[in-house]
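Written below as structure tokens is the structure these notes are about.
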Amino acid sequence: MGIEKMKVPFVTFKPLEEELNRELREAFVRVFDNSWYIEGEEGTRFEEEYAAYCGTKYCVGCGNGLDALFLILKAYGIGAGDEVIVPSNTFIASALAVSRTGAIPVLVEPDIRTYLVDPELIEEKITERTKAVMAVHLYGQTADMALIADIARRHNLYVIEDAAQAHGARYKGRRAGALGDAAGFSFYPGKNLGALGDAGCVTTNDPELAERVRALSNYGSDYKYHHIYQGYNTRLDEIQAAFLRAKLPLLDQMNEDRRRIADRYLREIRNDRLILPQVGHNNEHVWHIFAVRTKKRDQLAEYLKEQGIYTNIHYPIPIHKQEAYLGQRLDGGNWPVAELISETQISIPMYYGMGEEVDYVIECLNRWNG
Ligand SMILES: *Cc1c(COP(=O)(O)O)cnc(C)c1O
């Protein structure tokens, strides 16, 4: 090989943490000096700032993305005997949130070109038990929300966005988080907007839902020691809120950088063995993950590793084949598109601040003749 070997991690936070080093340290010191750790000023301010960013009236912080989705479902009264439409190829949390309420996740196949749920296939899965559609903005671009909203309106269903991979993504100019009845976000460190630990939130324009989610997340309490629900404890703490406030002003710039990298991948990767992802025409993608497909996925991962490039698979086992769902309604079901994606998908490096690593990844992919 005529090019110098490099080490390219799948993801690193180093460029971001160097750029915001002072702000992140100050955020910690601010909370530490204030000596107040749960339910305080930082959380409230972050909720205001993130709601404004998404273009929603309300944002309610919580402990993580799974809890955010679960709280929305609970707050809408969804539970045993109900069904919720979920894509067959998402991260398991989308389905677990539904299962945790006692409702059944009903899986619908994606469009293999965009990896997003195929709205054409939703209607045939709707029954009188269906209460909601969970629209997952997988890999960083939004699901086809106009078609989903139309189906939901006709069948009187809630539209819940799983926006855990799509902070800042836009659909027809509007942000993820403001495209359905309510949205769940994750601020897991590796997400486009990540805390330095676990965190999440719910965004919505519905004041009643926001209030119910807030109470449910805090022991079912509307004011201290007064409990209207048998709630949970899943809150956004002050330290994580302060870190998120330090990072939020950089989110658009970080997403712009991801688009720069993705544009180069899309234009410069030229290899017949690779199928590149497609972007929906209403979408401004934020490229949480850059997913390609190839028949020889495992060989490609091995080859890239030999070149010093680290990859990932999102996700190696579809939900209906997970041991967690063994013996349940999904077990033994037939979702061939989800299976094909799980067998052929591979995610290549994508992170804020990637430099000459981009050239190297492209070069190595173009030379692959496995
Ligand atoms: C990360 C993620 C979640 C869960 O978020 P956590 O904060 O890890 O609980 C849910 N759905 C999708 C699509 C995700 O990628």
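Within each chain, counting starts at residue 1; across the structure tokens, chains are named A, B, ... in the order shown, with ligands numbered 1 upward in that order.
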Could you go through segment 16-226 of chain A and tell me which residues DSSP, when run on the backbone, assigns to strand (DSSP E), listing them as a PyMOL selection string?
chain A and resi 58-62+83-87+104-108+130-136+158-162+170-171+174-175+182-186+200-204+221-223+226
Keeping only N, CA and C atoms, take the residues you just selected and write them out as a compact mmCIF listing (two decimals), in the first residue's frame.
# COMPACT_ATOMS: atom_id res chain seq x y z
N TYR A 58 -41.95 22.45 25.47
CA TYR A 58 -41.48 21.83 26.71
C TYR A 58 -40.35 20.84 26.47
N CYS A 59 -39.49 20.76 27.48
CA CYS A 59 -38.48 19.71 27.54
C CYS A 59 -38.44 19.28 29.00
N VAL A 60 -38.46 17.97 29.23
CA VAL A 60 -38.38 17.43 30.59
C VAL A 60 -37.19 16.48 30.65
N GLY A 61 -36.22 16.79 31.48
CA GLY A 61 -35.04 15.94 31.60
C GLY A 61 -35.37 14.64 32.31
N CYS A 62 -34.60 13.59 32.00
CA CYS A 62 -34.75 12.33 32.73
C CYS A 62 -33.41 11.59 32.67
N GLU A 83 -50.92 -2.18 21.66
CA GLU A 83 -49.84 -2.44 20.71
C GLU A 83 -49.24 -1.12 20.24
N VAL A 84 -47.94 -1.14 19.99
CA VAL A 84 -47.24 0.04 19.48
C VAL A 84 -46.38 -0.39 18.29
N ILE A 85 -46.51 0.34 17.20
CA ILE A 85 -45.71 0.07 16.00
C ILE A 85 -44.27 0.52 16.24
N VAL A 86 -43.30 -0.38 15.97
CA VAL A 86 -41.87 -0.09 16.17
C VAL A 86 -41.13 -0.66 14.95
N PRO A 87 -40.12 0.02 14.44
CA PRO A 87 -39.37 -0.55 13.31
C PRO A 87 -38.67 -1.86 13.70
N ILE A 104 -47.36 -4.47 23.57
CA ILE A 104 -46.63 -5.32 22.63
C ILE A 104 -46.01 -4.46 21.52
N PRO A 105 -44.70 -4.57 21.30
CA PRO A 105 -44.12 -3.90 20.12
C PRO A 105 -44.47 -4.70 18.86
N VAL A 106 -45.07 -4.03 17.89
CA VAL A 106 -45.43 -4.67 16.62
C VAL A 106 -44.43 -4.17 15.57
N LEU A 107 -43.62 -5.08 15.05
CA LEU A 107 -42.50 -4.66 14.21
C LEU A 107 -42.90 -4.45 12.76
N VAL A 108 -42.38 -3.37 12.19
CA VAL A 108 -42.63 -3.03 10.78
C VAL A 108 -41.28 -2.84 10.09
N THR A 130 -53.88 -1.04 18.57
CA THR A 130 -52.75 -0.14 18.32
C THR A 130 -53.01 1.24 18.91
N LYS A 131 -52.04 1.75 19.67
CA LYS A 131 -52.22 3.05 20.32
C LYS A 131 -51.23 4.11 19.80
N ALA A 132 -50.09 3.66 19.28
CA ALA A 132 -49.07 4.64 18.90
C ALA A 132 -48.13 4.06 17.84
N VAL A 133 -47.49 4.98 17.14
CA VAL A 133 -46.40 4.62 16.23
C VAL A 133 -45.13 5.22 16.81
N MET A 134 -44.12 4.40 17.01
CA MET A 134 -42.83 4.94 17.42
C MET A 134 -41.97 5.11 16.17
N ALA A 135 -41.75 6.37 15.82
CA ALA A 135 -40.97 6.70 14.62
C ALA A 135 -39.51 6.86 15.05
N VAL A 136 -38.66 5.95 14.63
CA VAL A 136 -37.25 6.01 15.03
C VAL A 136 -36.45 6.71 13.95
N TYR A 158 -51.06 7.98 18.64
CA TYR A 158 -50.00 8.91 19.00
C TYR A 158 -48.79 8.66 18.11
N VAL A 159 -48.08 9.73 17.78
CA VAL A 159 -46.79 9.58 17.10
C VAL A 159 -45.69 9.95 18.10
N ILE A 160 -44.88 8.96 18.44
CA ILE A 160 -43.78 9.17 19.39
C ILE A 160 -42.47 9.05 18.62
N GLU A 161 -41.65 10.09 18.72
CA GLU A 161 -40.36 10.04 18.05
C GLU A 161 -39.31 9.41 18.96
N ASP A 162 -38.60 8.42 18.48
CA ASP A 162 -37.37 7.98 19.13
C ASP A 162 -36.26 8.78 18.45
N ARG A 170 -33.19 17.70 10.81
CA ARG A 170 -34.38 18.42 10.38
C ARG A 170 -35.17 17.63 9.35
N TYR A 171 -36.49 17.81 9.42
CA TYR A 171 -37.42 17.26 8.43
C TYR A 171 -38.24 18.43 7.92
N ARG A 174 -37.97 21.45 10.02
CA ARG A 174 -38.25 21.40 11.46
C ARG A 174 -37.41 20.34 12.13
N ARG A 175 -37.06 20.62 13.39
CA ARG A 175 -36.14 19.74 14.11
C ARG A 175 -36.81 18.45 14.61
N ALA A 182 -44.76 13.61 20.92
CA ALA A 182 -43.70 13.73 21.92
C ALA A 182 -42.49 12.97 21.41
N ALA A 183 -41.31 13.34 21.93
CA ALA A 183 -40.07 12.70 21.49
C ALA A 183 -39.21 12.34 22.68
N GLY A 184 -38.51 11.21 22.56
CA GLY A 184 -37.54 10.81 23.57
C GLY A 184 -36.14 10.98 23.01
N PHE A 185 -35.27 11.65 23.79
CA PHE A 185 -33.86 11.81 23.41
C PHE A 185 -32.98 11.09 24.42
N SER A 186 -31.86 10.60 23.94
CA SER A 186 -30.80 10.07 24.80
C SER A 186 -29.61 11.00 24.73
N GLY A 200 -31.11 11.87 29.57
CA GLY A 200 -32.10 11.85 28.49
C GLY A 200 -33.12 12.94 28.71
N CYS A 201 -34.07 13.08 27.77
CA CYS A 201 -35.15 14.04 27.96
C CYS A 201 -36.32 13.72 27.05
N VAL A 202 -37.44 14.33 27.37
CA VAL A 202 -38.65 14.26 26.54
C VAL A 202 -38.94 15.67 26.05
N THR A 203 -39.22 15.82 24.75
CA THR A 203 -39.69 17.12 24.24
C THR A 203 -41.12 16.97 23.74
N THR A 204 -41.91 18.01 23.87
CA THR A 204 -43.30 17.98 23.43
C THR A 204 -43.89 19.39 23.43
N SER A 221 -44.64 12.50 41.72
CA SER A 221 -44.92 13.61 42.62
C SER A 221 -45.18 14.90 41.84
N ASP A 222 -46.25 15.60 42.16
CA ASP A 222 -46.46 16.91 41.53
C ASP A 222 -45.85 18.02 42.38
N TYR A 223 -45.90 17.89 43.70
CA TYR A 223 -45.06 18.74 44.55
C TYR A 223 -44.57 17.88 45.70
N HIS A 226 -46.04 14.77 47.80
CA HIS A 226 -47.43 14.60 47.38
C HIS A 226 -47.39 13.78 46.09
Please build the interface table for chain A against ligand 1 with a cut-off of 7 Å, listing for each qualifying residue the nearest atom pair and the distance in Å to one decimal; count only C-alpha atoms and all ligand atoms, order rows by chain and increasing number, and write it as JSON lines.
{"residue": "A:Asn64", "atom": "CA", "partner": "ligand 1", "partner_atom_place_in_ligand_line": "7 (O)", "distance": 3.8}
{"residue": "A:Gly65", "atom": "CA", "partner": "ligand 1", "partner_atom_place_in_ligand_line": "5 (O)", "distance": 3.4}
{"residue": "A:Leu66", "atom": "CA", "partner": "ligand 1", "partner_atom_place_in_ligand_line": "9 (O)", "distance": 3.8}
{"residue": "A:Asp67", "atom": "CA", "partner": "ligand 1", "partner_atom_place_in_ligand_line": "9 (O)", "distance": 6.5}
{"residue": "A:Thr90", "atom": "CA", "partner": "ligand 1", "partner_atom_place_in_ligand_line": "13 (C)", "distance": 5.9}
{"residue": "A:Phe91", "atom": "CA", "partner": "ligand 1", "partner_atom_place_in_ligand_line": "13 (C)", "distance": 4.9}
{"residue": "A:Ala93", "atom": "CA", "partner": "ligand 1", "partner_atom_place_in_ligand_line": "10 (C)", "distance": 4.6}
{"residue": "A:Ser94", "atom": "CA", "partner": "ligand 1", "partner_atom_place_in_ligand_line": "11 (N)", "distance": 5.0}
{"residue": "A:Val136", "atom": "CA", "partner": "ligand 1", "partner_atom_place_in_ligand_line": "13 (C)", "distance": 6.2}
{"residue": "A:Leu138", "atom": "CA", "partner": "ligand 1", "partner_atom_place_in_ligand_line": "13 (C)", "distance": 6.0}
{"residue": "A:Asp162", "atom": "CA", "partner": "ligand 1", "partner_atom_place_in_ligand_line": "11 (N)", "distance": 5.8}
{"residue": "A:Ala163", "atom": "CA", "partner": "ligand 1", "partner_atom_place_in_ligand_line": "13 (C)", "distance": 6.8}
{"residue": "A:Ala164", "atom": "CA", "partner": "ligand 1", "partner_atom_place_in_ligand_line": "14 (C)", "distance": 4.7}
{"residue": "A:Gln165", "atom": "CA", "partner": "ligand 1", "partner_atom_place_in_ligand_line": "15 (O)", "distance": 5.1}
{"residue": "A:Ser186", "atom": "CA", "partner": "ligand 1", "partner_atom_place_in_ligand_line": "7 (O)", "distance": 4.0}
{"residue": "A:Phe187", "atom": "CA", "partner": "ligand 1", "partner_atom_place_in_ligand_line": "7 (O)", "distance": 5.7}
{"residue": "A:Tyr188", "atom": "CA", "partner": "ligand 1", "partner_atom_place_in_ligand_line": "7 (O)", "distance": 4.8}
{"residue": "A:Asp198", "atom": "CA", "partner": "ligand 1", "partner_atom_place_in_ligand_line": "7 (O)", "distance": 6.0}
{"residue": "A:Ala199", "atom": "CA", "partner": "ligand 1", "partner_atom_place_in_ligand_line": "7 (O)", "distance": 6.0}
{"residue": "A:Gly200", "atom": "CA", "partner": "ligand 1", "partner_atom_place_in_ligand_line": "7 (O)", "distance": 5.8}
Can you pull out every residue within 7 Å of Pro15 of chain A, counting only C-alpha atoms, but drop anything in the same chain fewer than 3 positions away, and send it as a list in words?
Glu18, Glu19, Tyr352 and Gly353 of chain A
Could you check the closest approach to Leu69 of chain A for each of A:Val213, A:Glu23, A:Ala152, A:Leu179 and tell me which residue wins, using only C-alpha atoms?
A:Val213
Long-range neighbours of Ser88 of chain A as a list in words, 8 Å cut-off, only C-alpha atoms, 4 positions minimum in chain:
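Using only C-alpha atoms, the neighbours found are Leu107, Val108, Glu109, Pro110, Val117, Pro318, Ile319, His320, Trp335 and Ala338 of chain A.
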Output of the above residues as a compact mmCIF listing (two decimals), in the first residue's frame, restricted to N, CA and C atoms:
# COMPACT_ATOMS: atom_id res chain seq x y z
N LEU A 107 -43.62 -5.08 15.05
CA LEU A 107 -42.50 -4.66 14.21
C LEU A 107 -42.90 -4.45 12.76
N VAL A 108 -42.38 -3.37 12.19
CA VAL A 108 -42.63 -3.03 10.78
C VAL A 108 -41.28 -2.84 10.09
N GLU A 109 -41.16 -3.40 8.90
CA GLU A 109 -39.88 -3.42 8.18
C GLU A 109 -39.48 -2.03 7.64
N PRO A 110 -38.17 -1.82 7.51
CA PRO A 110 -37.67 -0.55 6.96
C PRO A 110 -37.52 -0.61 5.44
N VAL A 117 -38.14 3.22 8.76
CA VAL A 117 -39.38 2.45 8.65
C VAL A 117 -40.10 2.81 7.35
N PRO A 318 -31.22 -8.77 15.02
CA PRO A 318 -32.48 -8.02 15.04
C PRO A 318 -33.29 -8.37 16.29
N ILE A 319 -34.19 -7.46 16.65
CA ILE A 319 -34.94 -7.59 17.91
C ILE A 319 -35.65 -8.93 18.02
N HIS A 320 -36.29 -9.36 16.92
CA HIS A 320 -37.09 -10.59 17.01
C HIS A 320 -36.23 -11.84 17.18
N TRP A 335 -39.08 -11.09 9.57
CA TRP A 335 -38.71 -9.72 9.20
C TRP A 335 -37.40 -9.78 8.39
N ALA A 338 -34.96 -6.63 8.09
CA ALA A 338 -34.18 -6.42 9.32
C ALA A 338 -33.05 -7.44 9.39
Between A:Val358, A:Tyr265, A:Ile122, A:Pro9, which residue has the minimum interatomic distance to Asn312 of chain A, considering only C-alpha atoms?
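Of A:Val358, A:Tyr265, A:Ile122, A:Pro9, the one nearest Asn312 of chain A is A:Pro9, counting only C-alpha atoms.
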Where in segment 87-218 of chain A does DSSP assign helix (DSSP H, G or I), given as an MDAnalysis selection string?
chainID A and resid 92:101 119:121 123:125 138:140 145:155 207:217
Dump N, CA and C atoms for the selected residues as a compact mmCIF listing (two decimals), in the first residue's frame?
# COMPACT_ATOMS: atom_id res chain seq x y z
N ILE A 92 -32.54 -1.99 20.39
CA ILE A 92 -33.55 -2.71 21.17
C ILE A 92 -34.31 -1.81 22.15
N ALA A 93 -33.72 -0.68 22.56
CA ALA A 93 -34.39 0.21 23.53
C ALA A 93 -35.76 0.65 23.04
N SER A 94 -35.91 0.88 21.73
CA SER A 94 -37.22 1.32 21.20
C SER A 94 -38.30 0.30 21.56
N ALA A 95 -37.97 -0.98 21.41
CA ALA A 95 -38.93 -2.05 21.72
C ALA A 95 -39.04 -2.29 23.22
N LEU A 96 -37.93 -2.19 23.93
CA LEU A 96 -37.95 -2.42 25.39
C LEU A 96 -38.84 -1.41 26.10
N ALA A 97 -38.83 -0.17 25.62
CA ALA A 97 -39.67 0.86 26.25
C ALA A 97 -41.13 0.45 26.17
N VAL A 98 -41.52 -0.13 25.03
CA VAL A 98 -42.91 -0.59 24.85
C VAL A 98 -43.17 -1.79 25.75
N SER A 99 -42.28 -2.77 25.72
CA SER A 99 -42.48 -3.99 26.51
C SER A 99 -42.58 -3.67 28.00
N ARG A 100 -41.80 -2.68 28.46
CA ARG A 100 -41.79 -2.35 29.88
C ARG A 100 -43.15 -1.84 30.36
N THR A 101 -43.95 -1.28 29.45
CA THR A 101 -45.29 -0.83 29.86
C THR A 101 -46.28 -1.99 29.90
N PRO A 119 -43.26 3.58 5.62
CA PRO A 119 -44.62 3.95 6.05
C PRO A 119 -45.70 3.13 5.34
N GLU A 120 -45.40 2.69 4.11
CA GLU A 120 -46.37 1.90 3.34
C GLU A 120 -46.76 0.61 4.07
N LEU A 121 -45.89 0.14 4.94
CA LEU A 121 -46.11 -1.16 5.59
C LEU A 121 -46.74 -1.03 6.97
N GLU A 123 -49.75 0.48 7.88
CA GLU A 123 -51.20 0.38 8.01
C GLU A 123 -51.68 -1.07 8.17
N GLU A 124 -51.06 -1.99 7.44
CA GLU A 124 -51.51 -3.39 7.52
C GLU A 124 -51.25 -4.01 8.91
N LYS A 125 -50.41 -3.34 9.74
CA LYS A 125 -50.11 -3.87 11.07
C LYS A 125 -50.98 -3.23 12.16
N LEU A 138 -33.50 6.68 12.75
CA LEU A 138 -32.31 5.83 12.85
C LEU A 138 -31.10 6.40 12.12
N TYR A 139 -29.97 6.31 12.77
CA TYR A 139 -28.66 6.73 12.25
C TYR A 139 -28.53 8.25 12.08
N GLY A 140 -29.59 9.02 12.39
CA GLY A 140 -29.47 10.47 12.33
C GLY A 140 -30.32 11.17 11.29
N MET A 145 -42.09 11.64 8.33
CA MET A 145 -43.08 12.05 9.33
C MET A 145 -44.42 12.48 8.74
N ALA A 146 -44.43 12.98 7.52
CA ALA A 146 -45.71 13.41 6.93
C ALA A 146 -46.59 12.19 6.70
N LEU A 147 -46.03 11.14 6.12
CA LEU A 147 -46.82 9.93 5.87
C LEU A 147 -47.24 9.27 7.18
N ILE A 148 -46.33 9.26 8.15
CA ILE A 148 -46.64 8.64 9.45
C ILE A 148 -47.73 9.44 10.16
N ALA A 149 -47.64 10.77 10.12
CA ALA A 149 -48.65 11.61 10.77
C ALA A 149 -50.02 11.39 10.13
N ASP A 150 -50.01 11.21 8.82
CA ASP A 150 -51.25 10.99 8.09
C ASP A 150 -51.92 9.68 8.53
N ILE A 151 -51.14 8.62 8.60
CA ILE A 151 -51.66 7.32 9.06
C ILE A 151 -52.16 7.44 10.50
N ALA A 152 -51.36 8.10 11.33
CA ALA A 152 -51.72 8.23 12.75
C ALA A 152 -53.03 9.00 12.91
N ARG A 153 -53.20 10.04 12.12
CA ARG A 153 -54.43 10.85 12.21
C ARG A 153 -55.64 9.99 11.84
N ARG A 154 -55.50 9.22 10.77
CA ARG A 154 -56.64 8.41 10.32
C ARG A 154 -57.02 7.33 11.32
N HIS A 155 -56.02 6.84 12.07
CA HIS A 155 -56.30 5.74 13.01
C HIS A 155 -56.27 6.20 14.46
N PRO A 207 -48.76 20.40 27.02
CA PRO A 207 -48.48 20.74 28.42
C PRO A 207 -48.87 19.63 29.40
N GLU A 208 -49.96 18.93 29.11
CA GLU A 208 -50.39 17.86 30.01
C GLU A 208 -49.40 16.71 30.00
N LEU A 209 -48.93 16.38 28.79
CA LEU A 209 -47.95 15.29 28.71
C LEU A 209 -46.67 15.67 29.46
N ALA A 210 -46.21 16.90 29.24
CA ALA A 210 -44.97 17.34 29.90
C ALA A 210 -45.12 17.24 31.42
N GLU A 211 -46.26 17.67 31.92
CA GLU A 211 -46.49 17.64 33.36
C GLU A 211 -46.52 16.21 33.90
N ARG A 212 -47.19 15.34 33.14
CA ARG A 212 -47.30 13.94 33.57
C ARG A 212 -45.93 13.24 33.53
N VAL A 213 -45.17 13.51 32.47
CA VAL A 213 -43.83 12.91 32.37
C VAL A 213 -42.96 13.38 33.53
N ARG A 214 -43.06 14.69 33.84
CA ARG A 214 -42.24 15.21 34.93
C ARG A 214 -42.61 14.54 36.26
N ALA A 215 -43.89 14.41 36.50
CA ALA A 215 -44.32 13.78 37.75
C ALA A 215 -43.88 12.31 37.78
N LEU A 216 -44.12 11.59 36.69
CA LEU A 216 -43.75 10.17 36.64
C LEU A 216 -42.26 9.97 36.88
N SER A 217 -41.45 10.91 36.37
CA SER A 217 -39.99 10.76 36.48
C SER A 217 -39.50 11.02 37.91
At a cut-off of 7 Å, using only C-alpha atoms, what residues contact segment 249-259 of chain A? Leave out same-chain residues fewer than 3 positions from it and give the result as a PDB file with N, CA, C and O atoms, in the first residue's frame.
ATOM      1  N   GLY A 168     -30.852  17.567  16.497  1.00  0.00           N
ATOM      2  CA  GLY A 168     -30.569  18.614  15.510  1.00  0.00           C
ATOM      3  C   GLY A 168     -30.980  18.273  14.097  1.00  0.00           C
ATOM      4  O   GLY A 168     -30.973  19.151  13.228  1.00  0.00           O
ATOM      5  N   LEU A 193     -25.437  14.696  20.714  1.00  0.00           N
ATOM      6  CA  LEU A 193     -25.289  15.533  21.910  1.00  0.00           C
ATOM      7  C   LEU A 193     -25.217  14.576  23.085  1.00  0.00           C
ATOM      8  O   LEU A 193     -26.211  13.929  23.415  1.00  0.00           O
ATOM      9  N   ALA A 246     -22.983  23.125  28.339  1.00  0.00           N
ATOM     10  CA  ALA A 246     -21.694  23.525  27.754  1.00  0.00           C
ATOM     11  C   ALA A 246     -21.575  23.043  26.307  1.00  0.00           C
ATOM     12  O   ALA A 246     -20.963  23.711  25.471  1.00  0.00           O
ATOM     13  N   ALA A 262     -19.651  12.999   5.938  1.00  0.00           N
ATOM     14  CA  ALA A 262     -20.572  12.132   5.194  1.00  0.00           C
ATOM     15  C   ALA A 262     -20.589  12.491   3.710  1.00  0.00           C
ATOM     16  O   ALA A 262     -20.603  11.600   2.851  1.00  0.00           O
ATOM     17  N   ASP A 263     -20.560  13.798   3.400  1.00  0.00           N
ATOM     18  CA  ASP A 263     -20.556  14.220   1.991  1.00  0.00           C
ATOM     19  C   ASP A 263     -19.331  13.671   1.282  1.00  0.00           C
ATOM     20  O   ASP A 263     -19.399  13.244   0.130  1.00  0.00           O
ATOM     21  N   VAL A 286     -28.065  14.108  10.332  1.00  0.00           N
ATOM     22  CA  VAL A 286     -26.976  14.494  11.242  1.00  0.00           C
ATOM     23  C   VAL A 286     -25.974  13.351  11.458  1.00  0.00           C
ATOM     24  O   VAL A 286     -25.098  13.458  12.315  1.00  0.00           O
ATOM     25  N   TRP A 287     -26.119  12.286  10.696  1.00  0.00           N
ATOM     26  CA  TRP A 287     -25.088  11.253  10.614  1.00  0.00           C
ATOM     27  C   TRP A 287     -24.556  10.797  11.970  1.00  0.00           C
ATOM     28  O   TRP A 287     -23.362  10.800  12.202  1.00  0.00           O
ATOM     29  N   MET A 350     -17.014   7.914  12.263  1.00  0.00           N
ATOM     30  CA  MET A 350     -17.750   9.170  12.095  1.00  0.00           C
ATOM     31  C   MET A 350     -17.759   9.875  13.441  1.00  0.00           C
ATOM     32  O   MET A 350     -18.357   9.384  14.379  1.00  0.00           O
ATOM     33  N   TYR A 351     -17.031  10.976  13.528  1.00  0.00           N
ATOM     34  CA  TYR A 351     -17.048  11.739  14.775  1.00  0.00           C
ATOM     35  C   TYR A 351     -16.578  13.161  14.499  1.00  0.00           C
ATOM     36  O   TYR A 351     -15.878  13.426  13.510  1.00  0.00           O
ATOM     37  N   TYR A 352     -17.000  14.066  15.378  1.00  0.00           N
ATOM     38  CA  TYR A 352     -16.630  15.472  15.255  1.00  0.00           C
ATOM     39  C   TYR A 352     -15.107  15.620  15.317  1.00  0.00           C
ATOM     40  O   TYR A 352     -14.463  15.052  16.200  1.00  0.00           O
TER      41      TYR A 352
END
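Picture a line from atom CA of Ala75 of chain A to atom CA of Tyr229 of chain A; it runs 10.2 Å.
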Between A:Gly190, A:Gly79, A:Gly180, A:Pro349, smallest distance to Ile362 of chain A by only C-alpha atoms belongs to A:Pro349
Of the listed residues A:Asn366, A:Leu304, A:Gln141, A:Lys296, that which approaches Gln278 of chain A most closely, counting only C-alpha atoms
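That would be A:Gln141, the residue with the smallest distance to Gln278 of chain A.
Between Gly77 of chain A and the candidates A:Lys5, A:Glu268, A:Gly102, A:Tyr53, the tightest atom-to-atom separation, counting only C-alpha atoms, involves A:Gly102.
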Nearest to Gln299 of chain A, chosen from A:Asn89, A:Asn369, A:Thr234, A:Thr56, with only C-alpha atoms counted in the distances:
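Looking at the shortest contact to Gln299 of chain A, the residue is A:Asn369.
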